[in-house]
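See structure below.
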Protein chains: 2
Amino acid sequence: MSRYAEPMARLIEELKKLPGVGAKSAQRYAFHILRSSDEDAAALAEAVRNLKASLRLCSICNNVTDIDPCVYCASPARNQRMVCVVEEPTSIESVERTRAYQGVYHVLHGTLSPLHGVGPDQLRARSLVERVERGEIDEVILATSPTLEGEATANWLATALHRFPVKITRIATGVPAGSEIEYMDEVTMARAMEGRREI
Amino acid sequence: MSRYAEPMARLIEELKKLPGVGAKSAQRYAFHILRSSDEDAAALAEAVRNLKASLRLCSICNNVTDIDPCVYCASPARNQRMVCVVEEPTSIESVERTRAYQGVYHVLHGTLSPLHGVGPDQLRARSLVERVERGEIDEVILATSPTLEGEATANWLATALHRFPVKITRIATGVPAGSEIEYMDEVTMARAMEGRREI
């Protein structure tokens with residue numbers, strides 16, 4: 001039996017479900033909340049509840065959003081005919097940080113992973129294929145990670161889209177900016193050599 | 001004054017000049033040598049002396065070698081008209097590990113670095129330019145690191161070689177194989193997007 005009163009034990013159990021939060025941290029957070037004002041505790045509870053209640057997926061690109069369509073799909077300043085395909089909503093931030101991309105996104109919410117039972121039907125790709133089919137898109141940039149699953153997903157999507165007149169591109173695999181080639185693994189180095197470009 | 005006898009103190013001083021070797025390690029190495037057999041100590045001394053006496057730079061590519069020309073420049077199995085330009089002899093190993101490259105090399109022994117007084121004249125690039133000028137080379141692959149100095153060096157070489165009819169390529173900068181794009185810095189991500197290729 002827990003040495004804590006039931007409400008405390010229950011909050012600790014829920015907090016422990018957060019990634020990277022163990023028993024010690026959960027306990028620390030719970031006692032912090034106990035000591036904080038009624039308003040602060042209520043605000044946290046409300047923020048958690050509100051997150052799930054008010055966020056949804058963009059009906060066009062599947063990005064997590066509070067308005068539909070999302071800010072990217074609704075923006076007249078962005079090129080709606082150029083679509084960058086990413087694995088997760090969090091990947092969008094990586095591309096946005098470059099401040100160089102002016103197109104829109106499509107979020108798959110995962111990668112192909114036969115071992116984990118994720119096949120093409122489990123990915124949110126259908127609406128993308130339909131948009132390409134309707135001729136709404138000029139270029140699809142496959143920006144899944146250059147991991148095993150990310151590559152498989154990119155290849156599968158490329159195959160699915162190749163029957164339509166759309167430009168399909170893959171982000172470059174290579175030596176990261178600022179790195180010494182001396183410390184590169186052979187796969188990355190091979191891809192950097194293979195992907196060399198005329199200058 | 002050192003608490004060690006002069007020969008011991010002198011060896012410790014010399015060993016401390018090795019990269020990453022501090023007083024403690026140098027002392028440990030020195031005592032290890034003291035305790036080892038006369039043959040082992042003599043073999044180590046001879047190996048060190050021999051290294052400098054018998055290694056030289058390849059007269060064609062500047063690689064460190066015991067035979068001249070080096071194994072790459074002397075190999076009939078390798079494409080002598082495709083040259084991969086690297087900063088250091090150790091960089092060759094990165095490219096060789098890919099097992100995909102069948103051309104030869106050119107070692108610059110450094111990068112442009114105005115702050116450290118390294119200008120074009122301090123790099124070993126002249127023989128490369130001469131070989132290109134004589135029409136001996138079809139493609140020059142600039143495989144300097146995508147660091148500030150490496151990029152400056154690649155750009156300078158490209159400019160110097162552009163007046164000759166030779167293909168000049170740069171290795172790809174991008175997301176390394178196996179990495180999640182979520183964790184990429186913005187410069188690398190921007191280069192990966194910019195360097196995307198049609199598939």
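Each chain in the structure tokens gets a letter, A, B, ..., in the order shown, and its residues are numbered from 1; ligands are numbered from 1 in order too.
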
Please identify the strand (DSSP E) residues within region 16-84 of chain B (assignment by DSSP from backbone atoms) and present them as an MDAnalysis selection string. chainID B and resid 56:57 64:65 79:84

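The list of residues with at least one atom within 9 Å of Val166 (chain B), based on only C-alpha atoms and without residues fewer than 5 positions apart in the same chain, reads B:Val132, B:Gly135, B:Ile137, B:Asp138, B:Glu139, B:Val140, B:Leu161.
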
Would you save the residues of that selection, restricted to all heavy atoms, as a short mmCIF file (atom, residue, chain, number, x, y, z; two decimals), in the first residue's frame?
data_model
loop_
_atom_site.label_atom_id
_atom_site.label_comp_id
_atom_site.auth_asym_id
_atom_site.auth_seq_id
_atom_site.Cartn_x
_atom_site.Cartn_y
_atom_site.Cartn_z
N VAL B 132 45.02 19.48 -63.18
CA VAL B 132 43.77 19.85 -63.86
C VAL B 132 44.10 20.62 -65.13
O VAL B 132 43.53 20.37 -66.20
CB VAL B 132 42.88 20.69 -62.92
CG1 VAL B 132 41.70 21.28 -63.69
CG2 VAL B 132 42.38 19.83 -61.76
N GLY B 135 44.90 18.74 -68.09
CA GLY B 135 43.81 17.92 -68.60
C GLY B 135 43.85 16.48 -68.13
O GLY B 135 43.29 15.60 -68.78
N ILE B 137 42.54 15.33 -65.39
CA ILE B 137 41.46 15.01 -64.45
C ILE B 137 40.09 15.35 -65.02
O ILE B 137 39.90 16.41 -65.62
CB ILE B 137 41.70 15.79 -63.13
CG1 ILE B 137 42.99 15.26 -62.48
CG2 ILE B 137 40.53 15.63 -62.17
CD1 ILE B 137 43.46 16.07 -61.32
N ASP B 138 39.12 14.42 -64.82
CA ASP B 138 37.75 14.64 -65.30
C ASP B 138 36.87 15.27 -64.22
O ASP B 138 36.02 16.09 -64.52
CB ASP B 138 37.11 13.31 -65.72
CG ASP B 138 37.82 12.71 -66.92
OD1 ASP B 138 38.33 13.47 -67.76
OD2 ASP B 138 37.87 11.47 -67.01
N GLU B 139 37.05 14.81 -62.98
CA GLU B 139 36.19 15.33 -61.91
C GLU B 139 36.99 15.56 -60.64
O GLU B 139 37.77 14.70 -60.22
CB GLU B 139 35.04 14.35 -61.60
CG GLU B 139 34.14 14.86 -60.46
CD GLU B 139 32.92 13.98 -60.18
OE1 GLU B 139 32.67 13.01 -60.93
OE2 GLU B 139 32.21 14.27 -59.19
N VAL B 140 36.78 16.71 -60.04
CA VAL B 140 37.39 17.02 -58.74
C VAL B 140 36.25 17.06 -57.72
O VAL B 140 35.32 17.86 -57.84
CB VAL B 140 38.10 18.39 -58.76
CG1 VAL B 140 38.57 18.77 -57.36
CG2 VAL B 140 39.29 18.36 -59.72
N LEU B 161 39.64 26.50 -60.03
CA LEU B 161 39.58 25.44 -61.05
C LEU B 161 38.53 25.70 -62.12
O LEU B 161 38.53 25.03 -63.16
CB LEU B 161 39.31 24.09 -60.37
CG LEU B 161 40.39 23.57 -59.41
CD1 LEU B 161 39.91 22.30 -58.73
CD2 LEU B 161 41.70 23.32 -60.15
#

Near-Thr153 (chain B) list (9 Å; only C-alpha atoms; drop same-chain fewer than 5 positions) as a PDB file with all heavy atoms, in the first residue's frame:
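The resulting part04.pdb:
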ATOM      1  N   THR B 111      43.353  23.723 -44.118  1.00  0.00           N
ATOM      2  CA  THR B 111      42.273  24.487 -44.738  1.00  0.00           C
ATOM      3  C   THR B 111      42.656  25.955 -44.670  1.00  0.00           C
ATOM      4  O   THR B 111      43.478  26.347 -43.841  1.00  0.00           O
ATOM      5  CB  THR B 111      40.948  24.324 -43.956  1.00  0.00           C
ATOM      6  OG1 THR B 111      41.205  24.496 -42.564  1.00  0.00           O
ATOM      7  CG2 THR B 111      40.328  22.964 -44.196  1.00  0.00           C
ATOM      8  N   LEU B 112      42.034  26.726 -45.523  1.00  0.00           N
ATOM      9  CA  LEU B 112      42.247  28.172 -45.463  1.00  0.00           C
ATOM     10  C   LEU B 112      41.818  28.658 -44.084  1.00  0.00           C
ATOM     11  O   LEU B 112      40.762  28.284 -43.590  1.00  0.00           O
ATOM     12  CB  LEU B 112      41.396  28.889 -46.512  1.00  0.00           C
ATOM     13  CG  LEU B 112      41.780  28.734 -47.970  1.00  0.00           C
ATOM     14  CD1 LEU B 112      40.914  29.642 -48.833  1.00  0.00           C
ATOM     15  CD2 LEU B 112      43.253  29.073 -48.185  1.00  0.00           C
ATOM     16  N   SER B 113      42.643  29.458 -43.458  1.00  0.00           N
ATOM     17  CA  SER B 113      42.301  29.964 -42.139  1.00  0.00           C
ATOM     18  C   SER B 113      43.065  31.257 -41.899  1.00  0.00           C
ATOM     19  O   SER B 113      44.131  31.257 -41.289  1.00  0.00           O
ATOM     20  CB  SER B 113      42.651  28.905 -41.086  1.00  0.00           C
ATOM     21  OG  SER B 113      42.318  29.368 -39.805  1.00  0.00           O
ATOM     22  N   PRO B 120      46.114  30.598 -49.322  1.00  0.00           N
ATOM     23  CA  PRO B 120      46.252  29.658 -50.432  1.00  0.00           C
ATOM     24  C   PRO B 120      47.677  29.125 -50.593  1.00  0.00           C
ATOM     25  O   PRO B 120      47.873  27.966 -50.944  1.00  0.00           O
ATOM     26  CB  PRO B 120      45.807  30.469 -51.643  1.00  0.00           C
ATOM     27  CG  PRO B 120      44.851  31.465 -51.090  1.00  0.00           C
ATOM     28  CD  PRO B 120      45.370  31.812 -49.734  1.00  0.00           C
ATOM     29  N   LEU B 142      35.202  17.954 -54.103  1.00  0.00           N
ATOM     30  CA  LEU B 142      35.681  18.727 -52.955  1.00  0.00           C
ATOM     31  C   LEU B 142      35.086  18.126 -51.686  1.00  0.00           C
ATOM     32  O   LEU B 142      33.918  18.331 -51.373  1.00  0.00           O
ATOM     33  CB  LEU B 142      35.306  20.192 -53.129  1.00  0.00           C
ATOM     34  CG  LEU B 142      35.899  20.832 -54.399  1.00  0.00           C
ATOM     35  CD1 LEU B 142      35.326  22.229 -54.626  1.00  0.00           C
ATOM     36  CD2 LEU B 142      37.423  20.875 -54.327  1.00  0.00           C
ATOM     37  N   THR B 144      36.245  18.564 -48.492  1.00  0.00           N
ATOM     38  CA  THR B 144      36.635  19.209 -47.241  1.00  0.00           C
ATOM     39  C   THR B 144      35.400  19.218 -46.340  1.00  0.00           C
ATOM     40  O   THR B 144      34.275  19.091 -46.826  1.00  0.00           O
ATOM     41  CB  THR B 144      37.114  20.655 -47.494  1.00  0.00           C
ATOM     42  OG1 THR B 144      36.116  21.343 -48.249  1.00  0.00           O
ATOM     43  CG2 THR B 144      38.415  20.668 -48.273  1.00  0.00           C
ATOM     44  N   LEU B 148      33.365  26.122 -41.381  1.00  0.00           N
ATOM     45  CA  LEU B 148      33.651  27.437 -41.939  1.00  0.00           C
ATOM     46  C   LEU B 148      34.890  27.382 -42.834  1.00  0.00           C
ATOM     47  O   LEU B 148      34.873  27.800 -43.989  1.00  0.00           O
ATOM     48  CB  LEU B 148      33.881  28.413 -40.773  1.00  0.00           C
ATOM     49  CG  LEU B 148      33.512  29.859 -41.011  1.00  0.00           C
ATOM     50  CD1 LEU B 148      32.031  29.997 -41.262  1.00  0.00           C
ATOM     51  CD2 LEU B 148      33.923  30.712 -39.808  1.00  0.00           C
ATOM     52  N   ALA B 158      37.235  25.780 -55.938  1.00  0.00           N
ATOM     53  CA  ALA B 158      36.284  25.762 -57.057  1.00  0.00           C
ATOM     54  C   ALA B 158      36.534  26.948 -57.973  1.00  0.00           C
ATOM     55  O   ALA B 158      36.572  26.820 -59.202  1.00  0.00           O
ATOM     56  CB  ALA B 158      34.857  25.782 -56.538  1.00  0.00           C
TER      57      ALA B 158
END

Each residue of chain A lying at most 6 Å from chain B should get a row with its shortest atom-to-atom pair and the distance in Å to one decimal, counting only C-alpha atoms; could you produce that, ordered by chain and increasing number, as JSON lines?
{"residue": "A:Ser91", "atom": "CA", "partner": "B:Glu182", "partner_atom": "CA", "distance": 5.0}
{"residue": "A:Ser94", "atom": "CA", "partner": "B:Glu182", "partner_atom": "CA", "distance": 5.6}
{"residue": "A:Arg97", "atom": "CA", "partner": "B:Glu186", "partner_atom": "CA", "distance": 5.6}
{"residue": "A:Thr98", "atom": "CA", "partner": "B:Glu186", "partner_atom": "CA", "distance": 4.8}
{"residue": "A:Ser145", "atom": "CA", "partner": "B:Glu180", "partner_atom": "CA", "distance": 5.0}
{"residue": "A:Pro146", "atom": "CA", "partner": "B:Ala177", "partner_atom": "CA", "distance": 5.2}
{"residue": "A:Thr147", "atom": "CA", "partner": "B:Gly178", "partner_atom": "CA", "distance": 4.2}
{"residue": "A:Ile168", "atom": "CA", "partner": "B:Glu198", "partner_atom": "CA", "distance": 5.6}
{"residue": "A:Thr169", "atom": "CA", "partner": "B:Glu198", "partner_atom": "CA", "distance": 4.1}
{"residue": "A:Arg170", "atom": "CA", "partner": "B:Arg196", "partner_atom": "CA", "distance": 5.1}
{"residue": "A:Ile171", "atom": "CA", "partner": "B:Arg196", "partner_atom": "CA", "distance": 4.1}
{"residue": "A:Ala172", "atom": "CA", "partner": "B:Ala192", "partner_atom": "CA", "distance": 4.4}
{"residue": "A:Thr173", "atom": "CA", "partner": "B:Gly174", "partner_atom": "CA", "distance": 4.5}
{"residue": "A:Gly174", "atom": "CA", "partner": "B:Gly174", "partner_atom": "CA", "distance": 4.1}
{"residue": "A:Val175", "atom": "CA", "partner": "B:Thr173", "partner_atom": "CA", "distance": 4.8}
{"residue": "A:Pro176", "atom": "CA", "partner": "B:Gly174", "partner_atom": "CA", "distance": 5.2}
{"residue": "A:Ala177", "atom": "CA", "partner": "B:Thr188", "partner_atom": "CA", "distance": 5.0}
{"residue": "A:Gly178", "atom": "CA", "partner": "B:Thr147", "partner_atom": "CA", "distance": 4.2}
{"residue": "A:Glu180", "atom": "CA", "partner": "B:Ser145", "partner_atom": "CA", "distance": 5.0}
{"residue": "A:Ile181", "atom": "CA", "partner": "B:Ser145", "partner_atom": "CA", "distance": 5.3}
{"residue": "A:Glu182", "atom": "CA", "partner": "B:Ser91", "partner_atom": "CA", "distance": 5.0}
{"residue": "A:Glu186", "atom": "CA", "partner": "B:Thr98", "partner_atom": "CA", "distance": 4.8}
{"residue": "A:Thr188", "atom": "CA", "partner": "B:Ala177", "partner_atom": "CA", "distance": 5.0}
{"residue": "A:Ala190", "atom": "CA", "partner": "B:Thr98", "partner_atom": "CA", "distance": 5.1}
{"residue": "A:Ala192", "atom": "CA", "partner": "B:Ala172", "partner_atom": "CA", "distance": 4.4}
{"residue": "A:Met193", "atom": "CA", "partner": "B:Ile171", "partner_atom": "CA", "distance": 5.2}
{"residue": "A:Gly195", "atom": "CA", "partner": "B:Ala172", "partner_atom": "CA", "distance": 5.3}
{"residue": "A:Arg196", "atom": "CA", "partner": "B:Ile171", "partner_atom": "CA", "distance": 4.1}
{"residue": "A:Arg197", "atom": "CA", "partner": "B:Thr169", "partner_atom": "CA", "distance": 5.0}
{"residue": "A:Glu198", "atom": "CA", "partner": "B:Thr169", "partner_atom": "CA", "distance": 4.1}
{"residue": "A:Ile199", "atom": "CA", "partner": "B:Thr169", "partner_atom": "CA", "distance": 5.5}

Report the distance between CA of Val83 (chain B) and CA of Val104 (chain B) in Å, rounded to one decimal place.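 Interatomic distance, CA of Val83 (chain B) to CA of Val104 (chain B): 5.0 Å.
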
Run DSSP on the backbone and give me the residues of region 19-173 of chain A it puts in alpha helix (DSSP H), as a PyMOL selection string. chain A and resi 23-35+38-54+71-74+89-96+126-133+148-161

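By only C-alpha atoms, and with residues fewer than 6 positions from Glu13 (chain A) along its chain excluded, the set lying at most 10 Å from it is Pro7, Gly22, Ala23, Ala26, Gln27 and Ala30 of chain A.
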
Using only C-alpha atoms, determine which residues lie at most 7 Å from Arg56 (chain B), disregarding the query and same-chain residues fewer than 4 positions distant; provide the list as a ChimeraX atom specification. /B:64-66

If we count only C-alpha atoms and set the cut-off at 6 Å, which residues sit around Gly103 (chain B), ignoring sequence neighbours fewer than 5 positions away in its own chain? Please answer as a ChimeraX atom specification. /B:78-80,82-83

Please, could you write that set of residues out with all heavy atoms as an mmCIF file, in the first residue's frame?
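Written file, result_26.cif:
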data_model
loop_
_atom_site.group_PDB
_atom_site.id
_atom_site.type_symbol
_atom_site.label_atom_id
_atom_site.label_comp_id
_atom_site.auth_asym_id
_atom_site.auth_seq_id
_atom_site.Cartn_x
_atom_site.Cartn_y
_atom_site.Cartn_z
ATOM 1 N N ARG B 78 42.322 1.882 -59.840
ATOM 2 C CA ARG B 78 41.569 3.075 -59.458
ATOM 3 C C ARG B 78 41.511 4.088 -60.590
ATOM 4 O O ARG B 78 42.427 4.170 -61.412
ATOM 5 C CB ARG B 78 42.181 3.691 -58.193
ATOM 6 C CG ARG B 78 42.158 2.696 -57.034
ATOM 7 C CD ARG B 78 42.499 3.317 -55.706
ATOM 8 N NE ARG B 78 41.445 4.153 -55.186
ATOM 9 C CZ ARG B 78 40.781 3.915 -54.053
ATOM 10 N NH1 ARG B 78 41.025 2.842 -53.338
ATOM 11 N NH2 ARG B 78 39.853 4.751 -53.637
ATOM 12 N N ASN B 79 40.442 4.836 -60.626
ATOM 13 C CA ASN B 79 40.242 5.842 -61.656
ATOM 14 C C ASN B 79 41.126 7.058 -61.351
ATOM 15 O O ASN B 79 40.815 7.862 -60.477
ATOM 16 C CB ASN B 79 38.766 6.239 -61.688
ATOM 17 C CG ASN B 79 38.475 7.298 -62.745
ATOM 18 O OD1 ASN B 79 39.389 7.810 -63.398
ATOM 19 N ND2 ASN B 79 37.207 7.619 -62.920
ATOM 20 N N GLN B 80 42.223 7.185 -62.079
ATOM 21 C CA GLN B 80 43.188 8.244 -61.818
ATOM 22 C C GLN B 80 42.697 9.605 -62.316
ATOM 23 O O GLN B 80 43.348 10.621 -62.102
ATOM 24 C CB GLN B 80 44.531 7.908 -62.474
ATOM 25 C CG GLN B 80 45.164 6.599 -61.999
ATOM 26 C CD GLN B 80 45.747 6.691 -60.598
ATOM 27 O OE1 GLN B 80 46.146 7.758 -60.151
ATOM 28 N NE2 GLN B 80 45.784 5.560 -59.885
ATOM 29 N N MET B 82 39.665 10.823 -61.496
ATOM 30 C CA MET B 82 38.679 11.327 -60.540
ATOM 31 C C MET B 82 39.421 11.555 -59.220
ATOM 32 O O MET B 82 39.986 10.625 -58.646
ATOM 33 C CB MET B 82 37.577 10.297 -60.345
ATOM 34 C CG MET B 82 36.492 10.745 -59.389
ATOM 35 S SD MET B 82 35.282 9.407 -59.132
ATOM 36 C CE MET B 82 33.897 10.027 -60.052
ATOM 37 N N VAL B 83 39.440 12.808 -58.755
ATOM 38 C CA VAL B 83 40.242 13.149 -57.581
ATOM 39 C C VAL B 83 39.358 13.697 -56.459
ATOM 40 O O VAL B 83 38.586 14.630 -56.662
ATOM 41 C CB VAL B 83 41.312 14.205 -57.936
ATOM 42 C CG1 VAL B 83 42.095 14.613 -56.698
ATOM 43 C CG2 VAL B 83 42.258 13.661 -58.995
#
